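So the structure is just underneath, and the comments pick up after that.
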Amino acid sequence: MTWIAIRLATALGVAAFAAAASNGTPSPARARALRVCADPNNMPFSDSAGHGFENRIASLIARDLHEPVQYTWWAQRRGFVRNTLSAERCDVVIGIIAGDEQLSTTTPYYRSTYVFVTRRSSRLRLASMDDPRLHHVRIGIHVIGDDYNSLPPGVALAGRGIVQNVVGYSIYGNYAQESPPSTLISAVAHGKVDVAIAWGPLAGYYAARSRVPLDVSPVTNAMAGHGIPFSYAIAMGVRKGDSTLRGSLERELHTRRDAIRRILQEYRVPLVSDDGGAEPQARANVEHAAPAVAPHTASGGTP
């Protein structure tokens with residue numbers, strides 16, 4: 001989640017570092033292992049115990065390639081690619097915005113969107129950023145630093161003059177806690193805010209695990225403003241010029257597309273079509289009685 005957020009912020013004008021350039025030469029021979037760059041504390045995407053859906057997908061691909069998975073763990077904050085992939089400590093990032101200029105990306109293997117998260121008891125089911133109720137409820141969003149306009153929800157709210165009732169939650173959070181960005185979803189369950197507008201995979205997973213029943217509804221607006229969309233296609237990324245590994249991943253994404261989709265649905269990732277429209281699974285309520293996955297042993301608690 002954090003890495004996706006940073007890349008979205010980059011699209012809004014946050015300075016980014018340069019990627020290693022390809023000179024068109026054949027990609028070098030790589031070690032006989034699928035070397036994955038990942039965050040050790042970023043559920044539901046990845047963690048050091050292997051509970052994230054990106055861990056699951058990496059293991060699936062590695063089995064097909066008859067290779068072990070080797071992780072380079074690094075917090076997904078600014079400098080993540082520079083210190084991992086570009087430094088050749090690892091070879092693939094499992095989740096990256098398709099077309100990211102820093103890497104060579106595969107075809108997307110899913111598309112998700114920002115969503116509204118509300119307490120089911122509130123009956124505050126939202127779908128559009130133009131809903132007039134947004135002017136009168138407490139809204140939680142992720143922010144980078146003190147910049148409330150660093151991510152799509154903040155851009156959309158500011159463009160509608162909705163500012164005074166917005167509460168910012170750091171995308172970085174307290175890294176000593178489990179999946180720091182999940183604090184935003186906990187804030188809804190605990191009544192600190194009435195609605196959160198959050199990246200779908202994070203929201204779907206933690207809403208399903210909440211002891212307080214929560215509803216998840218895709219944002220139906222296509223754009224947040226300033227050319228910034230609400231939905232994003234997610235791919236895998238390798239170093240530029242590494243055509244061999246990229247080709248292997250492309251074949252796996254095609255061969256294993258149904259298995260990968262089942263993993264995403266198990267983790268309650270809201271899936272949308274290429275035009276941003278919600279698929280039936282993304283529209284469904286997140287039922288309190290049926291958690292997305294079995295509880296895991298990572299430190300920290302959920303609401």
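Labeling convention for the structure tokens: chains A, B, ... as they appear, residues from 1 per chain, ligands from 1 in order of appearance.
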Using DSSP on the backbone, list every residue of region 243-282 of chain A that comes out as alpha helix (DSSP H), and give them as a short mmCIF file (atom, residue, chain, number, x, y, z; two decimals) with N, CA and C atoms, in the first residue's frame.
```
data_model
loop_
_atom_site.label_atom_id
_atom_site.label_comp_id
_atom_site.auth_asym_id
_atom_site.auth_seq_id
_atom_site.Cartn_x
_atom_site.Cartn_y
_atom_site.Cartn_z
N SER A 243 14.69 -8.56 -19.84
CA SER A 243 13.62 -9.11 -20.67
C SER A 243 13.37 -10.59 -20.37
N THR A 244 14.39 -11.30 -19.90
CA THR A 244 14.22 -12.72 -19.61
C THR A 244 13.24 -12.93 -18.46
N LEU A 245 13.47 -12.25 -17.34
CA LEU A 245 12.59 -12.39 -16.20
C LEU A 245 11.21 -11.83 -16.52
N ARG A 246 11.16 -10.71 -17.20
CA ARG A 246 9.86 -10.14 -17.55
C ARG A 246 9.06 -11.13 -18.40
N GLY A 247 9.73 -11.79 -19.34
CA GLY A 247 9.05 -12.77 -20.18
C GLY A 247 8.52 -13.94 -19.37
N SER A 248 9.31 -14.41 -18.40
CA SER A 248 8.86 -15.51 -17.54
C SER A 248 7.63 -15.11 -16.73
N LEU A 249 7.66 -13.89 -16.21
CA LEU A 249 6.53 -13.41 -15.42
C LEU A 249 5.28 -13.25 -16.29
N GLU A 250 5.46 -12.76 -17.49
CA GLU A 250 4.33 -12.60 -18.41
C GLU A 250 3.66 -13.95 -18.67
N ARG A 251 4.46 -14.97 -18.90
CA ARG A 251 3.90 -16.30 -19.15
C ARG A 251 3.16 -16.82 -17.92
N GLU A 252 3.72 -16.58 -16.75
CA GLU A 252 3.08 -17.04 -15.53
C GLU A 252 1.77 -16.30 -15.27
N LEU A 253 1.75 -15.01 -15.53
CA LEU A 253 0.53 -14.25 -15.32
C LEU A 253 -0.58 -14.73 -16.24
N HIS A 254 -0.21 -15.15 -17.43
CA HIS A 254 -1.21 -15.69 -18.36
C HIS A 254 -1.67 -17.08 -17.92
N THR A 255 -0.71 -17.94 -17.59
CA THR A 255 -1.03 -19.32 -17.23
C THR A 255 -1.79 -19.39 -15.91
N ARG A 257 -3.58 -16.96 -14.35
CA ARG A 257 -4.49 -15.83 -14.11
C ARG A 257 -5.68 -16.21 -13.24
N ASP A 258 -6.23 -17.42 -13.42
CA ASP A 258 -7.38 -17.82 -12.61
C ASP A 258 -6.98 -18.04 -11.15
N ALA A 259 -5.84 -18.67 -10.92
CA ALA A 259 -5.38 -18.90 -9.55
C ALA A 259 -5.06 -17.57 -8.86
N ILE A 260 -4.46 -16.65 -9.59
CA ILE A 260 -4.14 -15.34 -9.02
C ILE A 260 -5.42 -14.59 -8.68
N ARG A 261 -6.39 -14.68 -9.55
CA ARG A 261 -7.66 -14.00 -9.28
C ARG A 261 -8.33 -14.57 -8.03
N ARG A 262 -8.23 -15.88 -7.84
CA ARG A 262 -8.81 -16.47 -6.63
C ARG A 262 -8.12 -15.97 -5.38
N ILE A 263 -6.80 -15.80 -5.45
CA ILE A 263 -6.07 -15.26 -4.30
C ILE A 263 -6.54 -13.84 -4.00
N LEU A 264 -6.67 -13.02 -5.02
CA LEU A 264 -7.12 -11.64 -4.83
C LEU A 264 -8.52 -11.60 -4.22
N GLN A 265 -9.40 -12.46 -4.67
CA GLN A 265 -10.75 -12.48 -4.12
C GLN A 265 -10.75 -12.98 -2.68
N GLU A 266 -9.86 -13.93 -2.37
CA GLU A 266 -9.77 -14.43 -1.00
C GLU A 266 -9.38 -13.31 -0.04
N PRO A 280 -18.86 -7.40 -9.92
CA PRO A 280 -19.78 -7.79 -8.84
C PRO A 280 -19.09 -8.02 -7.51
N GLN A 281 -17.89 -8.63 -7.54
CA GLN A 281 -17.20 -8.90 -6.28
C GLN A 281 -16.84 -7.61 -5.57
N ALA A 282 -16.56 -6.54 -6.32
CA ALA A 282 -16.19 -5.27 -5.70
C ALA A 282 -17.39 -4.58 -5.10
#
```
Legend entry - Atomic separation - CA of Gly99 (chain A) relative to CA of Ser86 (chain A), Å: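 Pair CA of Ser86 (chain A) / CA of Gly99 (chain A) returns 16.7 Å.
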Legend entry - Residues within 10 Å of Thr72 (chain A), only C-alpha atoms, excluding chain neighbours under 6 positions, as a ChimeraX atom specification: /A:35-40,48,83-85,89-91
Legend entry - Contacts of Thr118 (chain A) at 7 Å (only C-alpha atoms; same-chain gap of 2+ positions) as a PyMOL selection string: chain A and resi 116+120+124-125+188+194-196+214-216
Inset, instruction - Please run DSSP on the backbone and report, as a PyMOL selection string, all residues within region 125-176 of chain A that come out as strand (DSSP E). - result: chain A and resi 139-143+166-170
Inset, instruction - Determine, counting only C-alpha atoms, which protein, DNA and RNA residues have an atom within 8 Å of an atom of region 163-169 of chain A; residues of the same chain fewer than 3 positions away are not included. Present the result as a PyMOL selection string. - result: chain A and resi 135-143+148+157-158+173+181+183-184+193
Dump C-alpha atoms for the selected residues as a tab-separated table (two decimals), in the first residue's frame?
```tsv
chain	number	residue	atom	x	y	z
A	135	HIS	CA	-19.85	17.88	3.52
A	136	HIS	CA	-21.25	16.88	6.91
A	137	VAL	CA	-19.43	13.71	8.04
A	138	ARG	CA	-15.94	13.13	9.41
A	139	ILE	CA	-13.76	11.81	6.59
A	140	GLY	CA	-10.46	9.99	7.05
A	141	ILE	CA	-7.88	9.83	4.25
A	142	HIS	CA	-4.24	8.85	3.90
A	143	VAL	CA	-1.70	11.64	3.58
A	148	TYR	CA	-3.57	16.45	2.21
A	157	LEU	CA	-12.20	16.49	-1.63
A	158	ALA	CA	-10.25	19.73	-1.95
A	173	GLY	CA	2.26	5.50	10.40
A	181	PRO	CA	-1.71	2.22	6.96
A	183	THR	CA	-4.95	2.58	11.18
A	184	LEU	CA	-7.24	4.45	8.79
A	193	VAL	CA	-14.23	9.08	11.58
```
Near Leu34 (chain A), counting only C-alpha atoms, which residues have an atom at most 8 Å away, once you skip same-chain residues fewer than 4 positions from it, shown as an mmCIF file with N, CA and C atoms, in the first residue's frame?
```cif
data_model
loop_
_atom_site.group_PDB
_atom_site.id
_atom_site.type_symbol
_atom_site.label_atom_id
_atom_site.label_comp_id
_atom_site.auth_asym_id
_atom_site.auth_seq_id
_atom_site.Cartn_x
_atom_site.Cartn_y
_atom_site.Cartn_z
ATOM 1 N N ALA A 58 3.854 -14.695 -5.330
ATOM 2 C CA ALA A 58 5.272 -14.975 -5.568
ATOM 3 C C ALA A 58 5.561 -16.461 -5.389
ATOM 4 N N ALA A 62 7.008 -19.001 -8.206
ATOM 5 C CA ALA A 62 8.283 -19.674 -7.949
ATOM 6 C C ALA A 62 8.154 -21.194 -8.067
ATOM 7 N N GLU A 67 11.866 -22.764 -8.547
ATOM 8 C CA GLU A 67 12.858 -21.936 -7.859
ATOM 9 C C GLU A 67 12.343 -21.569 -6.470
ATOM 10 N N PRO A 68 13.236 -21.368 -5.520
ATOM 11 C CA PRO A 68 12.806 -20.846 -4.219
ATOM 12 C C PRO A 68 12.552 -19.346 -4.313
ATOM 13 N N VAL A 69 11.768 -18.830 -3.368
ATOM 14 C CA VAL A 69 11.595 -17.382 -3.256
ATOM 15 C C VAL A 69 12.611 -16.859 -2.255
ATOM 16 N N GLN A 70 13.349 -15.835 -2.642
ATOM 17 C CA GLN A 70 14.273 -15.149 -1.731
ATOM 18 C C GLN A 70 13.852 -13.693 -1.639
ATOM 19 N N ASP A 91 15.120 -8.836 -7.724
ATOM 20 C CA ASP A 91 14.874 -8.755 -9.164
ATOM 21 C C ASP A 91 13.454 -8.400 -9.565
ATOM 22 N N VAL A 92 12.490 -8.490 -8.653
ATOM 23 C CA VAL A 92 11.103 -8.251 -9.047
ATOM 24 C C VAL A 92 10.319 -7.619 -7.912
#
```
Inset, instruction - May I have the residues within 8 Å of Ser104 (chain A) as a VMD selection string, using only C-alpha atoms and disregarding those fewer than 3 positions away in the same chain? - result: chain A and resid 99 to 101 237 to 242 246
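One finds CA of Arg268 (chain A) at 16.6 Å from CA of Val212 (chain A).
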Inset, instruction - Just give me the gap between CA of Trp74 (chain A) and CA of Ile94 (chain A) in Å, one decimal is fine. - result: 13.5 Å
Legend entry - Residue nearest Tyr175 (chain A) - candidates A:Ile197, A:Asn42, A:Gln102, A:Ile57, atoms counted: only C-alpha atoms: A:Asn42
